[in-house]
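Step one of this worksheet: look at the structure below.
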Amino acid sequence: MKNNCTMKELYQDERPYEKCQRFGAENLTDAELLAVILRTGTKGENSLDLAGKILHPDFGCDGLLSLHGWTLERLVGVRGIGRVKAVQILCIAELARRMAKETAAQGLDFSSPEKIAEYYMEDMRHKKREILKLLLLNTRSRLISESNVSVGTIDMALVSPRELFVEAFRRGASSMILLHNHPSGDPEPSGEDIRITQRIYEAGMLIGIELLDHIIIGDHCFVSLKDRGEISDGGKCLWP
């Protein structure tokens, strides 16, 4: 979107900062919003040009949602983006992600594998390595905490039921849910996924902290081991 104009040369109503003040932030385009954050451009490109370049498909960006996948090094590699601007963009993207997640959490139903998978899908489906998340719930099935307990291939050497239950006791949890992603995009569980799930379930039944589900996230798809009948007591599924 090269226009070769400085911000001062643009009509006042076309300048993102002034436009925001006059018409409100909701009336700015994605590029204009990003231009306000950037504040300045570089020689031959104003901040609006620079914002449009960052969001352009030629840079591997598919709009605002792709910004969360950018690294500091990748942003600094764009002409006109120094470390200060790169850090600002990363922080704004992370703040937006957290705001959206907090809003979604208020209506999150932890008895629904579909809702849980939907909530964590954007966080996990882009990851290049397997990440195992532990969700701890109280007696009202409200989220107490979430944490990453393993990064890398999920196997018996990396997943210790003891560590999971120590954390559950520390937080005063009454039940837990596990999630992990498959970077291939295919959420089909492996034999090891099923064995680990059953081992953790059995340990939880002995000490009174129930494993409600183990959800595997793929690319816009998921598998609930609860729904598959892999979390069970004598073949009987725990959840109604």
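FYI, nothing fancy with the structure tokens labels: chains A, B, ... in order, residues from 1 per chain, ligands from 1 as they appear.
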When DSSP is applied to the backbone of this structure, which of region 41-95 of chain A are assigned helix (DSSP H, G or I)? Write them out as number ranges by chain. A: 47-55, 57-59, 64-69, 72-76, 83-95
Using only C-alpha atoms, which protein or nucleic acid residues come within 6 Å of Ile216 (chain A)? Drop anything in the same chain fewer than 3 positions from it, and give the result as a list in words. Leu179, His180, Asn181, Pro187, Phe222 and Val223 of chain A
Export C-alpha atoms of the chosen residues as a PDB file, in the first residue's frame?
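Contents of out.pdb, freshly written:
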```pdb
ATOM      1  CA  LEU A 179      -4.632 -31.540  26.830  1.00  0.00           C
ATOM      2  CA  HIS A 180      -1.865 -31.973  24.337  1.00  0.00           C
ATOM      3  CA  ASN A 181      -1.360 -31.107  20.691  1.00  0.00           C
ATOM      4  CA  PRO A 187      -5.340 -35.661  16.655  1.00  0.00           C
ATOM      5  CA  PHE A 222      -9.635 -32.718  18.261  1.00  0.00           C
ATOM      6  CA  VAL A 223     -10.174 -36.071  19.922  1.00  0.00           C
TER       7      VAL A 223
END
```
Within 12 Å of region 189-197 of chain A using only C-alpha atoms, minus same-chain residues under 6 positions, as a PyMOL selection string: chain A and resi 130+132+153-161+176-182+203-204+210-218+222-226+228-232
Polymer residues at most 12 Å from Gly82 (chain A), only C-alpha atoms, same-chain spacing of 2 or more positions, as a VMD selection string: chain A and resid 38 40 to 42 50 72 to 80 84 to 89
Using only N, CA, C and O atoms, please write the residues we just selected to a file, as a JSON list (two decimals), in the first residue's frame.
```json
[["chain", "number", "residue", "atom", "x", "y", "z"],
["A", 38, "LEU", "N", 2.81, 1.55, 15.81],
["A", 38, "LEU", "CA", 4.15, 1.76, 15.28],
["A", 38, "LEU", "C", 4.60, 3.22, 15.41],
["A", 38, "LEU", "O", 5.77, 3.52, 15.57],
["A", 40, "THR", "N", 5.79, 5.65, 13.94],
["A", 40, "THR", "CA", 6.63, 6.22, 12.89],
["A", 40, "THR", "C", 7.00, 5.16, 11.87],
["A", 40, "THR", "O", 6.97, 3.96, 12.16],
["A", 41, "GLY", "N", 7.34, 5.62, 10.69],
["A", 41, "GLY", "CA", 7.78, 4.70, 9.65],
["A", 41, "GLY", "C", 9.28, 4.80, 9.46],
["A", 41, "GLY", "O", 10.04, 5.01, 10.40],
["A", 42, "THR", "N", 9.70, 4.68, 8.21],
["A", 42, "THR", "CA", 11.11, 4.79, 7.89],
["A", 42, "THR", "C", 11.22, 5.59, 6.59],
["A", 42, "THR", "O", 10.20, 6.01, 6.03],
["A", 50, "LEU", "N", 4.15, 0.83, 6.46],
["A", 50, "LEU", "CA", 4.87, -0.21, 7.18],
["A", 50, "LEU", "C", 3.91, -1.24, 7.76],
["A", 50, "LEU", "O", 4.15, -2.45, 7.68],
["A", 72, "LEU", "N", 10.50, -12.26, 17.50],
["A", 72, "LEU", "CA", 11.23, -10.99, 17.54],
["A", 72, "LEU", "C", 12.20, -10.90, 16.37],
["A", 72, "LEU", "O", 12.29, -9.86, 15.69],
["A", 73, "GLU", "N", 12.91, -11.98, 16.10],
["A", 73, "GLU", "CA", 13.90, -11.98, 15.01],
["A", 73, "GLU", "C", 13.24, -11.76, 13.65],
["A", 73, "GLU", "O", 13.78, -11.04, 12.80],
["A", 74, "ARG", "N", 12.07, -12.37, 13.47],
["A", 74, "ARG", "CA", 11.38, -12.22, 12.19],
["A", 74, "ARG", "C", 10.90, -10.79, 11.98],
["A", 74, "ARG", "O", 11.01, -10.23, 10.89],
["A", 75, "LEU", "N", 10.39, -10.18, 13.03],
["A", 75, "LEU", "CA", 9.91, -8.80, 12.93],
["A", 75, "LEU", "C", 11.07, -7.84, 12.67],
["A", 75, "LEU", "O", 10.96, -6.93, 11.84],
["A", 76, "VAL", "N", 12.17, -8.03, 13.38],
["A", 76, "VAL", "CA", 13.33, -7.16, 13.20],
["A", 76, "VAL", "C", 13.88, -7.28, 11.78],
["A", 76, "VAL", "O", 14.49, -6.35, 11.25],
["A", 77, "GLY", "N", 13.62, -8.42, 11.14],
["A", 77, "GLY", "CA", 14.08, -8.62, 9.77],
["A", 77, "GLY", "C", 13.30, -7.84, 8.74],
["A", 77, "GLY", "O", 13.71, -7.75, 7.57],
["A", 78, "VAL", "N", 12.19, -7.23, 9.13],
["A", 78, "VAL", "CA", 11.41, -6.40, 8.21],
["A", 78, "VAL", "C", 12.00, -4.99, 8.21],
["A", 78, "VAL", "O", 12.17, -4.38, 9.27],
["A", 79, "ARG", "N", 12.33, -4.50, 7.03],
["A", 79, "ARG", "CA", 12.93, -3.16, 6.94],
["A", 79, "ARG", "C", 11.99, -2.13, 7.56],
["A", 79, "ARG", "O", 10.81, -2.05, 7.24],
["A", 80, "GLY", "N", 12.54, -1.35, 8.49],
["A", 80, "GLY", "CA", 11.75, -0.33, 9.16],
["A", 80, "GLY", "C", 11.27, -0.74, 10.54],
["A", 80, "GLY", "O", 10.76, 0.09, 11.29],
["A", 84, "VAL", "N", 12.54, -2.04, 19.20],
["A", 84, "VAL", "CA", 11.49, -1.40, 19.99],
["A", 84, "VAL", "C", 10.11, -1.65, 19.37],
["A", 84, "VAL", "O", 9.17, -2.07, 20.05],
["A", 85, "LYS", "N", 10.00, -1.42, 18.07],
["A", 85, "LYS", "CA", 8.73, -1.66, 17.39],
["A", 85, "LYS", "C", 8.35, -3.14, 17.43],
["A", 85, "LYS", "O", 7.18, -3.50, 17.60],
["A", 86, "ALA", "N", 9.34, -4.01, 17.26],
["A", 86, "ALA", "CA", 9.07, -5.46, 17.30],
["A", 86, "ALA", "C", 8.52, -5.88, 18.65],
["A", 86, "ALA", "O", 7.55, -6.63, 18.74],
["A", 87, "VAL", "N", 9.13, -5.38, 19.73],
["A", 87, "VAL", "CA", 8.65, -5.70, 21.08],
["A", 87, "VAL", "C", 7.24, -5.17, 21.29],
["A", 87, "VAL", "O", 6.38, -5.85, 21.87],
["A", 88, "GLN", "N", 6.96, -3.97, 20.80],
["A", 88, "GLN", "CA", 5.62, -3.39, 20.92],
["A", 88, "GLN", "C", 4.57, -4.27, 20.22],
["A", 88, "GLN", "O", 3.50, -4.54, 20.78],
["A", 89, "ILE", "N", 4.89, -4.72, 19.02],
["A", 89, "ILE", "CA", 3.95, -5.57, 18.27],
["A", 89, "ILE", "C", 3.72, -6.88, 18.99],
["A", 89, "ILE", "O", 2.58, -7.34, 19.13]]
```
Per DSSP on the backbone, what are the strand (DSSP E or B) residues of region 40-237 of chain A, as a VMD selection string? chain A and resid 42 45 131 to 137 143 to 151 175 to 181 210 to 217 222 to 224 232 to 233 236 to 237
